[in-house]
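Shown here: entry16.txt, compact mmCIF, C-alpha atoms.
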# COMPACT_ATOMS: atom_id res chain seq x y z
CA MET A 59 124.08 44.88 119.34
CA ASN A 60 121.23 45.17 116.81
CA ARG A 61 119.33 47.39 119.23
CA ASN A 62 122.32 49.70 119.58
CA ILE A 63 122.69 49.90 115.78
CA LEU A 64 118.97 50.62 115.38
CA ALA A 65 119.07 53.29 118.08
CA HIS A 66 122.12 54.88 116.49
CA ARG A 67 120.42 54.94 113.08
CA CYS A 68 117.27 56.43 114.58
CA PHE A 69 119.40 59.08 116.21
CA GLN A 70 121.07 59.83 112.87
CA VAL A 71 117.70 60.12 111.12
CA ALA A 72 116.34 62.40 113.87
CA LEU A 73 119.46 64.53 113.71
CA LEU A 74 119.21 64.75 109.93
CA LEU A 75 115.52 65.72 110.11
CA GLY A 76 116.37 68.32 112.72
CA ILE A 77 119.06 69.82 110.52
CA VAL A 78 116.69 69.87 107.53
CA GLY A 79 114.01 71.49 109.67
CA LEU A 80 116.40 74.16 110.86
CA ALA A 81 117.56 74.76 107.30
CA LEU A 82 113.99 75.14 106.04
CA THR A 83 113.18 77.47 108.92
CA GLY A 84 116.28 79.48 108.13
CA ILE A 85 115.34 79.71 104.47
CA ALA A 86 111.83 80.87 105.36
CA LEU A 87 113.16 83.48 107.79
CA TYR A 88 115.71 84.64 105.24
CA ALA A 89 113.01 84.97 102.58
CA GLU A 90 110.83 87.01 104.91
CA ARG A 91 113.75 89.22 105.97
CA GLN A 92 114.70 89.74 102.33
CA ALA A 93 111.12 90.73 101.57
CA GLN A 94 111.10 93.17 104.47
CA ALA A 95 114.50 94.56 103.51
CA GLY A 96 113.14 95.41 100.07
CA ALA A 97 109.84 96.72 101.40
CA ALA A 98 110.78 100.39 101.69
CA TRP A 99 109.71 102.72 98.90
CA HIS A 100 112.22 103.01 96.08
CA ASP A 101 112.08 105.21 93.00
CA PRO A 102 110.83 102.77 90.34
CA GLY A 103 112.91 104.53 87.70
CA GLN A 104 116.14 103.50 89.42
CA SER A 105 115.59 99.80 88.73
CA ILE A 106 115.01 99.88 84.96
CA ARG A 107 117.43 98.09 82.63
CA PRO A 108 117.83 100.30 79.54
CA SER A 109 119.56 97.62 77.47
CA ALA A 110 116.43 95.43 77.77
CA ILE A 111 114.01 98.15 76.59
CA ALA A 112 112.53 97.70 73.11
CA PRO A 113 113.71 100.91 71.34
CA ASP A 114 111.13 100.69 68.54
CA LEU A 115 108.40 100.94 71.21
CA ALA A 116 110.11 103.33 73.62
CA LEU A 117 110.91 105.83 70.87
CA LEU A 118 107.21 106.16 70.06
CA THR A 119 106.95 108.54 73.02
CA LEU A 120 109.36 110.90 71.27
CA ALA A 121 107.38 110.44 68.06
CA GLY A 122 104.32 111.91 69.79
CA ILE A 123 102.29 108.70 70.20
CA PRO A 124 100.19 108.82 73.44
CA ASP A 125 101.80 106.82 76.23
CA ASP A 126 98.65 104.84 77.01
CA GLN A 127 98.76 103.44 73.45
CA ILE A 128 102.46 102.63 73.78
CA LEU A 129 101.75 100.92 77.11
CA ALA A 130 99.08 98.76 75.48
CA LEU A 131 101.50 97.78 72.69
CA ALA A 132 104.28 96.93 75.16
CA VAL A 133 101.90 94.80 77.25
CA ALA A 134 100.64 93.00 74.13
CA GLN A 135 104.24 92.23 73.13
CA ASN A 136 105.19 91.21 76.70
CA GLU A 137 108.00 93.79 76.80
CA LEU A 138 108.45 93.94 80.56
CA GLU A 139 111.28 96.46 80.71
CA THR A 140 109.55 98.81 78.28
CA VAL A 141 106.39 98.67 80.41
CA HIS A 142 108.48 99.34 83.53
CA ALA A 143 110.13 102.39 81.96
CA LEU A 144 106.80 103.85 80.83
CA LEU A 145 105.21 103.36 84.25
CA ALA A 146 108.23 104.87 85.97
CA PHE A 147 108.73 107.94 83.76
CA SER A 148 105.56 108.87 81.89
CA GLY A 149 103.75 111.97 83.07
CA GLU A 150 100.79 111.23 80.79
CA LEU A 151 99.33 108.05 82.28
CA ALA A 152 96.23 108.27 84.45
CA ASP A 153 96.36 106.66 87.91
CA GLN A 154 94.18 103.72 86.89
CA GLN A 155 96.35 103.00 83.85
CA ARG A 156 99.49 103.13 85.97
CA ILE A 157 98.02 100.97 88.74
CA ASN A 158 96.81 98.35 86.25
CA GLY A 159 100.22 98.46 84.61
CA TRP A 160 102.05 97.80 87.87
CA LEU A 161 99.70 94.90 88.66
CA TRP A 162 100.34 93.37 85.23
CA LEU A 163 104.09 93.88 85.57
CA ALA A 164 104.16 92.44 89.10
CA SER A 165 102.46 89.28 87.86
CA ARG A 166 104.99 88.89 85.03
CA TYR A 167 107.94 89.53 87.33
CA HIS A 168 106.57 86.90 89.71
CA GLU A 169 106.23 84.37 86.89
CA SER A 170 109.84 85.00 85.87
CA GLN A 171 111.07 84.66 89.49
CA GLN A 172 112.09 88.32 89.78
CA LEU A 173 110.57 88.32 93.23
CA GLN A 174 111.85 91.60 94.68
CA ARG A 175 110.80 93.48 91.56
CA ALA A 176 107.40 91.76 91.74
CA ALA A 177 106.94 92.81 95.36
CA GLN A 178 107.94 96.40 94.57
CA ALA A 179 105.46 96.53 91.69
CA TYR A 180 102.64 95.19 93.87
CA ARG A 181 103.41 97.75 96.59
CA LEU A 182 103.40 100.56 94.01
CA ALA A 183 100.00 99.43 92.74
CA GLY A 184 98.56 99.06 96.24
CA GLN A 185 99.72 102.32 97.69
CA GLY A 186 98.83 104.07 94.44
CA ALA A 187 95.28 102.76 94.83
CA LEU A 188 95.15 104.20 98.34
CA LEU A 189 96.52 107.60 97.40
CA SER A 190 94.69 108.19 94.15
CA GLY A 191 91.88 110.67 94.47
CA HIS A 192 89.69 109.39 91.66
CA LEU A 193 89.36 105.60 91.72
CA PRO A 194 85.97 103.94 92.22
CA ASP A 195 85.64 102.21 95.59
CA LEU A 196 85.27 98.76 94.02
CA LEU A 197 88.45 99.09 91.94
CA ARG A 198 90.32 100.52 94.93
CA VAL A 199 89.37 97.62 97.21
CA GLU A 200 89.97 94.94 94.56
CA THR A 201 93.45 96.37 93.92
CA LEU A 202 94.25 96.38 97.64
CA LEU A 203 92.97 92.81 98.01
CA THR A 204 95.05 91.57 95.07
CA THR A 205 98.12 93.39 96.38
CA GLY A 206 97.72 91.97 99.89
CA ARG A 207 97.20 88.40 98.73
CA GLN A 208 100.18 88.47 96.40
CA LEU A 209 102.49 90.03 98.99
CA ILE A 210 101.64 87.15 101.35
CA ILE A 211 102.94 84.75 98.69
CA LEU A 212 106.05 86.93 98.33
CA HIS A 213 106.71 86.81 102.11
CA ASP A 214 106.00 90.49 102.71
CA LYS A 215 103.34 89.96 105.38
CA THR A 216 103.80 93.36 107.03
CA ASN A 217 102.75 95.26 103.93
CA ALA A 218 100.20 92.58 103.02
CA HIS A 219 98.50 93.08 106.37
CA HIS A 220 98.57 96.86 105.90
CA PHE A 221 96.90 96.76 102.48
CA LEU A 222 94.29 94.25 103.60
CA GLN A 223 93.40 96.38 106.61
CA GLN A 224 92.91 99.39 104.36
CA ALA A 225 90.77 97.32 102.01
CA ALA A 226 88.67 96.30 104.99
CA LEU A 227 88.15 99.88 106.13
CA ILE A 228 86.92 100.89 102.71
CA GLY A 229 85.06 97.66 102.01
CA ILE A 230 83.00 97.63 105.19
CA HIS A 231 81.39 101.03 104.81
CA ALA A 232 82.03 102.49 101.34
CA PRO A 233 78.55 103.56 100.11
CA GLN A 234 79.47 103.04 96.44
CA LEU A 235 79.67 99.26 96.99
CA THR A 236 76.57 97.11 96.61
CA GLU A 237 75.82 94.65 99.39
CA TYR A 238 76.65 91.78 97.02
CA HIS A 239 80.11 93.23 96.32
CA ARG A 240 80.62 94.04 99.98
CA ARG A 241 79.87 90.48 101.16
CA SER A 242 82.05 88.95 98.44
CA LEU A 243 84.96 91.27 99.23
CA LEU A 244 84.76 90.76 102.98
CA GLU A 245 84.71 86.97 102.67
CA ARG A 246 87.90 87.08 100.63
CA LEU A 247 89.43 89.73 102.88
CA ILE A 248 88.86 87.70 106.04
CA SER A 249 90.68 84.72 104.57
CA ALA A 250 93.55 86.84 103.27
CA LEU A 251 93.89 88.89 106.46
CA LEU A 252 94.18 85.75 108.58
CA ARG A 253 96.90 84.40 106.28
CA ALA A 254 98.75 87.70 106.67
CA GLY A 255 98.81 87.25 110.45
CA GLY A 256 95.68 89.20 111.36
CA GLN A 257 93.22 88.26 114.05
CA ARG A 258 89.44 87.99 113.80
CA GLU A 259 89.28 90.69 116.46
CA ASP A 260 90.74 93.07 113.87
CA TRP A 261 87.42 93.09 112.10
CA ALA A 262 85.52 94.21 115.19
CA ALA A 263 88.09 96.94 115.81
CA LEU A 264 87.96 98.07 112.18
CA GLY A 265 84.18 98.13 112.25
CA LYS A 266 84.16 100.31 115.38
CA THR A 267 86.76 102.67 113.89
CA VAL A 268 84.73 103.28 110.76
CA LYS A 269 81.41 103.37 112.59
CA HIS A 270 82.55 106.13 114.93
CA ASN A 271 84.31 108.22 112.27
CA THR A 272 82.29 107.93 109.08
CA PRO A 273 79.35 110.29 108.56
CA GLN A 274 76.26 108.30 107.58
CA GLY A 275 76.12 107.73 103.84
CA GLN A 276 79.40 109.51 103.07
CA SER A 277 81.74 107.89 100.58
CA LEU A 278 85.33 107.11 101.47
CA ASN A 279 86.13 107.67 97.81
CA VAL A 280 87.42 111.20 97.15
CA SER A 281 86.97 112.37 93.56
CA PRO A 282 88.66 115.68 92.81
CA THR A 283 89.22 116.62 89.20
CA PRO A 284 91.97 114.32 87.81
CA TYR A 285 95.15 116.11 86.80
CA SER A 286 97.89 114.92 84.49
CA PHE A 287 100.15 116.25 81.76
CA THR A 288 99.80 115.55 78.07
CA GLU A 289 101.62 116.83 75.01
CA THR A 290 98.53 118.85 74.09
CA TRP A 291 100.11 121.91 75.64
CA ASP A 292 98.35 125.23 75.93
CA ALA A 293 99.22 127.42 72.96
CA GLN A 294 100.07 130.20 75.42
CA GLY A 295 102.77 127.96 76.93
CA THR A 296 104.79 127.57 73.79
CA SER A 297 106.41 129.53 70.97
CA ALA A 298 106.80 129.25 67.21
CA ALA A 299 110.39 128.03 67.65
CA LEU A 300 109.32 125.37 70.15
CA ILE A 301 106.47 124.16 67.93
CA ARG A 302 108.91 123.72 65.04
CA ALA A 303 111.44 121.98 67.29
CA ARG A 304 108.79 119.65 68.70
CA ASP A 305 107.55 118.73 65.21
CA ASP A 306 111.13 118.07 64.08
CA ARG A 307 111.74 115.84 67.09
CA ARG A 308 108.58 113.82 66.46
CA SER A 309 109.45 113.44 62.78
CA ALA A 310 113.03 112.39 63.59
CA ALA A 311 111.85 109.86 66.18
CA GLY A 312 109.38 108.39 63.70
CA ALA A 313 112.16 108.09 61.12
CA LEU A 314 114.39 106.27 63.61
CA VAL A 315 111.57 103.86 64.50
CA ALA A 316 111.09 103.14 60.79
CA ALA A 317 114.83 102.58 60.33
CA LEU A 318 114.92 100.19 63.30
CA SER A 319 111.93 98.27 61.96
CA ALA A 320 113.57 98.00 58.52
CA GLY A 321 116.74 96.61 60.07
CA GLY A 322 119.02 98.97 58.13
CA ASN A 323 121.67 101.46 59.19
CA VAL A 324 120.26 103.74 61.87
CA THR A 325 123.30 105.97 62.45
CA HIS A 326 121.99 108.91 60.43
CA ALA A 327 118.46 108.66 61.83
CA ARG A 328 119.82 108.47 65.39
CA GLN A 329 122.02 111.52 64.86
CA THR A 330 119.10 113.46 63.38
CA LEU A 331 117.00 112.69 66.45
CA ARG A 332 119.82 113.70 68.77
CA GLN A 333 120.12 117.07 67.03
CA ALA A 334 116.33 117.52 67.21
CA LEU A 335 116.32 116.83 70.95
CA LEU A 336 119.10 119.34 71.55
CA ALA A 337 117.26 121.95 69.45
CA GLU A 338 114.04 121.40 71.41
CA ASP A 339 115.92 121.68 74.69
CA GLN A 340 117.36 125.01 73.55
CA ALA A 341 113.89 126.22 72.50
CA ILE A 342 112.59 125.37 75.98
CA ILE A 343 115.46 127.27 77.59
CA GLU A 344 114.73 130.35 75.46
CA LEU A 345 111.00 130.14 76.18
CA TRP A 346 111.69 129.91 79.90
CA THR A 347 114.24 132.74 79.84
CA ASN A 348 111.80 135.09 78.10
CA ARG A 349 108.71 134.07 80.11
CA GLN A 350 106.41 136.21 82.18
CA ASP A 351 107.03 135.35 85.84
CA THR A 352 103.37 134.57 86.44
CA ASP A 353 102.75 132.37 83.40
CA PRO A 354 101.71 128.86 84.59
CA ALA A 355 101.38 127.56 81.01
CA VAL A 356 105.08 128.08 80.32
CA ALA A 357 105.94 126.49 83.67
CA GLU A 358 103.87 123.43 82.72
CA THR A 359 105.50 123.22 79.29
CA ARG A 360 108.95 123.26 80.89
CA LEU A 361 107.91 120.71 83.51
CA HIS A 362 106.57 118.33 80.90
CA TRP A 363 109.75 118.69 78.86
CA LEU A 364 111.98 117.95 81.85
CA LEU A 365 109.96 114.80 82.58
CA LEU A 366 110.60 113.71 79.00
CA LYS A 367 114.26 114.73 79.12
CA ARG A 368 114.76 112.76 82.34
CA GLN A 369 113.14 109.73 80.71
CA VAL A 370 115.62 109.92 77.83
CA ALA A 371 118.55 110.52 80.20
CA ALA A 372 117.65 107.44 82.25
CA GLY A 373 117.56 105.25 79.15
CA GLY A 374 113.78 105.08 79.11
CA ALA A 375 113.70 105.74 75.36
CA GLY A 376 116.36 103.15 74.64
CA ASP A 377 119.95 102.74 75.73
CA ASP A 378 122.56 105.44 75.03
CA LEU A 379 120.44 107.80 72.91
CA MET A 380 121.74 110.95 74.65
CA PRO A 381 124.90 110.00 76.59
CA GLU A 382 125.56 113.63 77.62
CA TRP A 383 122.13 113.75 79.25
CA THR A 384 122.77 110.42 80.94
CA ALA A 385 126.02 111.79 82.36
CA GLY A 386 124.13 114.84 83.66
CA TYR A 387 121.18 112.88 85.06
CA LYS A 388 121.48 114.31 88.59
CA GLN A 389 121.45 117.86 87.25
CA ILE A 390 118.35 117.10 85.18
CA GLU A 391 116.64 115.69 88.26
CA ALA A 392 117.52 118.84 90.22
CA GLU A 393 116.05 120.99 87.43
CA LEU A 394 112.91 118.81 87.44
CA THR A 395 112.49 119.24 91.20
CA ALA A 396 112.84 123.01 90.82
CA ALA A 397 110.37 122.99 87.92
CA TRP A 398 107.77 121.22 90.08
CA ALA A 399 108.21 123.82 92.81
CA GLU A 400 107.89 126.66 90.29
CA TRP A 401 104.78 125.14 88.73
CA LEU A 402 103.14 124.54 92.12
CA SER A 403 103.84 128.11 93.23
CA LEU A 404 101.78 129.30 90.23
CA GLN A 405 98.81 127.04 91.10
CA HIS A 406 97.93 129.19 94.13
CA GLY A 407 96.87 126.28 96.32
CA ASN A 408 94.79 124.46 93.69
CA ILE A 409 93.90 121.19 95.43
CA PRO A 410 93.70 118.89 92.36
CA ALA A 411 97.08 120.18 91.15
CA THR A 412 98.65 119.73 94.59
CA ARG A 413 97.19 116.25 94.94
CA TRP A 414 98.59 115.37 91.51
CA ALA A 415 102.01 116.59 92.66
CA LEU A 416 101.74 114.30 95.70
CA MET A 417 100.83 111.37 93.46
CA ALA A 418 103.71 112.32 91.15
CA ALA A 419 106.06 112.18 94.14
CA TYR A 420 104.85 108.70 94.96
CA TRP A 421 105.15 107.48 91.35
CA GLY A 422 108.72 108.82 91.25
CA LEU A 423 107.94 111.67 88.85
CA TYR A 424 108.68 114.40 91.42
CA PRO A 425 112.14 113.63 92.82
CA ASN A 426 112.97 114.86 96.33
CA ALA A 427 109.46 116.26 96.74
CA PRO A 428 108.52 118.10 99.97
CA VAL A 429 105.93 115.44 100.81
CA VAL A 430 105.01 116.80 104.23
CA ASP A 431 104.34 120.26 102.75
CA LEU A 432 102.22 118.78 99.97
CA VAL A 433 100.14 116.78 102.43
CA THR A 434 99.70 119.81 104.68
CA ALA A 435 98.46 121.79 101.68
CA ILE A 436 95.74 119.27 100.82
CA ARG A 437 94.89 118.06 104.34
CA PRO A 438 91.18 118.81 104.70
CA THR A 439 89.45 119.95 107.86
CA ARG A 440 86.16 118.12 107.58
CA GLY A 441 84.20 115.19 106.20
CA GLY A 442 85.22 112.21 104.13
CA ASP A 443 88.56 113.57 102.96
CA GLU A 444 89.82 113.60 106.56
CA LEU A 445 88.82 109.99 106.99
CA TYR A 446 90.29 109.11 103.61
CA LEU A 447 93.63 110.61 104.60
CA SER A 448 93.57 108.69 107.88
CA ILE A 449 92.96 105.47 105.98
CA VAL A 450 96.13 105.78 103.92
CA ALA A 451 98.50 105.71 106.92
CA PRO A 452 101.40 103.59 105.67
CA SER A 453 103.41 100.82 107.23
CA THR A 454 106.88 100.72 105.69
CA LEU A 455 106.73 103.20 102.82
CA PRO A 456 108.67 106.17 104.22
CA ILE A 457 107.45 108.63 101.61
CA LEU A 458 104.03 108.40 103.25
CA LYS A 459 104.90 108.45 106.95
CA TRP A 460 103.25 111.82 107.34
CA ASN A 461 100.04 110.35 108.73
CA ASN A 462 101.33 107.78 111.23
CA LYS A 463 100.15 108.30 114.80
As structure tokens, please, write out the structure in this file.
Amino acid sequence: MNRNILAHRCFQVALLLGIVGLALTGIALYAERQAQAGAAWHDPGQSIRPSAIAPDLALLTLAGIPDDQILALAVAQNELETVHALLAFSGELADQQRINGWLWLASRYHESQQLQRAAQAYRLAGQGALLSGHLPDLLRVETLLTTGRQLIILHDKTNAHHFLQQAALIGIHAPQLTEYHRRSLLERLISALLRAGGQREDWAALGKTVKHNTPQGQSLNVSPTPYSFTETWDAQGTSAALIRARDDRRSAAGALVAALSAGGNVTHARQTLRQALLAEDQAIIELWTNRQDTDPAVAETRLHWLLLKRQVAAGGAGDDLMPEWTAGYKQIEAELTAAWAEWLSLQHGNIPATRWALMAAYWGLYPNAPVVDLVTAIRPTRGGDELYLSIVAPSTLPILKWNNK
């Protein structure tokens, strides 16, 4: 009798352990599937939460304060949503600033258990490091290594493996790296790549690939002239009316920031800023209507304005500042896409400008961009650029599927 009871209890324990094991396996599989489901590229501006943005910081953009300074303030104050909005909408930030910002934000999202947002931020940083044309090799590889290792933790092994492979390609043969840095990177890469599901044979294959395709002593790092927009617009791309309107908008935004900081009634200051924004929009329309068809400075002024207008419409300068713009967000996006096309047509095939447009598409600044056409325009025919473009073949980011083979 006692033996039967003991056997029955052992069976119950085994059954319970089996159920727990299946449950844990199911949870792990679910987590990995969830990570893969969220792995495709998404416009980072679509996931901001305007009500959580700190308006006294976000409005500084409209007050004319450089976005890199605002980004530093938002990071120092741990304002995650404000940082997210700046990274998603600013046309002023350099690639390195944006990449570092996404890495910082990913870490904070991870700490706060916003795991899908953390994974998206890491992927943005990693693929941005691959695409950027002016990052040092060491920073590029370190970013890819960090991205890969963190995506393993977040159960996105497919993209982790992709980023680690790209880091290996650059790390093995990039001439800018010292041997000390190369050995240190490769030791960490081997460990991370194996955790991501790679095989040791991958290293031999990667070594052969680079050995047979890299000219001796040629850097994998491509360094064209960086291109970005700032509010220091060319005087030829503006007008007296626009200058006045821009100054009024900056002054009104500064007054609203001061009113918010003082904790008083902000109704009048908010209405003044709204009127200033509408007046500046009208000045842009008039400048564009009266332009010379071949004036790239005016096209750039309009493009920069539409980036800023879209930021306001999306709530990136604080919630509900311009509700009529928010209601017309899709129309503003369509105008922004057309403005990019117009601006590019006036660049006459300028490679740095076209590469910046491709980066802008990836960062979400160029909605509905003709990515294949942009890549075709910058695809080189010789040397390190060709190898560089072959390195950035993506895994699950559809915006970059142009180089898969």
Notebook entry, point to check: Which residues, written as a ChimeraX atom specification, have at least one atom at most 12 Å from Asn158 of chain A, with only C-alpha atoms counted and residues fewer than 3 positions away on the same chain left out?
Noted result: /A:126,129-130,133,141,145,151-155,161-165,179-180,182-184,186-187,193,197-198,200-202,204-205
Check: Between atom CA of Ala116 of chain A and atom CA of Thr140 of chain A, what is the spacing in Å?
Finding: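 Going from atom CA of Thr140 of chain A over to atom CA of Ala116 of chain A covers 6.5 Å.
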Item checked: Nearest to Pro108 of chain A by atom-to-atom distance, counting all atoms listed in the file, from A:Ala435, A:Ala303, A:Leu138, A:Leu366 ->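 Looking only at the distances to Pro108 of chain A, the closest residue turns out to be A:Leu138.
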Next item on the list: Could you check which of A:Val356, A:Leu247, A:Leu379, A:Ala419 is closest to Glu400 of chain A, using all atoms listed in the file?
Entry: A:Val356
Find the spatial neighbours of segment 370-373 of chain A, counting all atoms listed in the file, within a cut-off of 9 Å - ignore same-chain residues fewer than 3 positions away - and output them as a compact mmCIF listing (two decimals) with C-alpha atoms, in the frame of the given file.
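Written output follows (out12.txt):
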# COMPACT_ATOMS: atom_id res chain seq x y z
CA GLY A 103 112.91 104.53 87.70
CA GLN A 104 116.14 103.50 89.42
CA ILE A 106 115.01 99.88 84.96
CA ARG A 107 117.43 98.09 82.63
CA PRO A 108 117.83 100.30 79.54
CA SER A 109 119.56 97.62 77.47
CA ILE A 111 114.01 98.15 76.59
CA ALA A 143 110.13 102.39 81.96
CA LEU A 365 109.96 114.80 82.58
CA LEU A 366 110.60 113.71 79.00
CA LYS A 367 114.26 114.73 79.12
CA GLY A 376 116.36 103.15 74.64
CA ASP A 377 119.95 102.74 75.73
CA ASP A 378 122.56 105.44 75.03
CA LEU A 379 120.44 107.80 72.91
CA MET A 380 121.74 110.95 74.65
CA PRO A 381 124.90 110.00 76.59
CA GLU A 382 125.56 113.63 77.62
CA TRP A 383 122.13 113.75 79.25
CA THR A 384 122.77 110.42 80.94
CA ALA A 385 126.02 111.79 82.36
CA GLY A 386 124.13 114.84 83.66
CA TYR A 387 121.18 112.88 85.06
CA ILE A 390 118.35 117.10 85.18
Margin query: Just the number, please: distance in Å from atom CA of His239 of chain A to atom CA of His192 of chain A, one decimal.
Written below: 19.4 Å
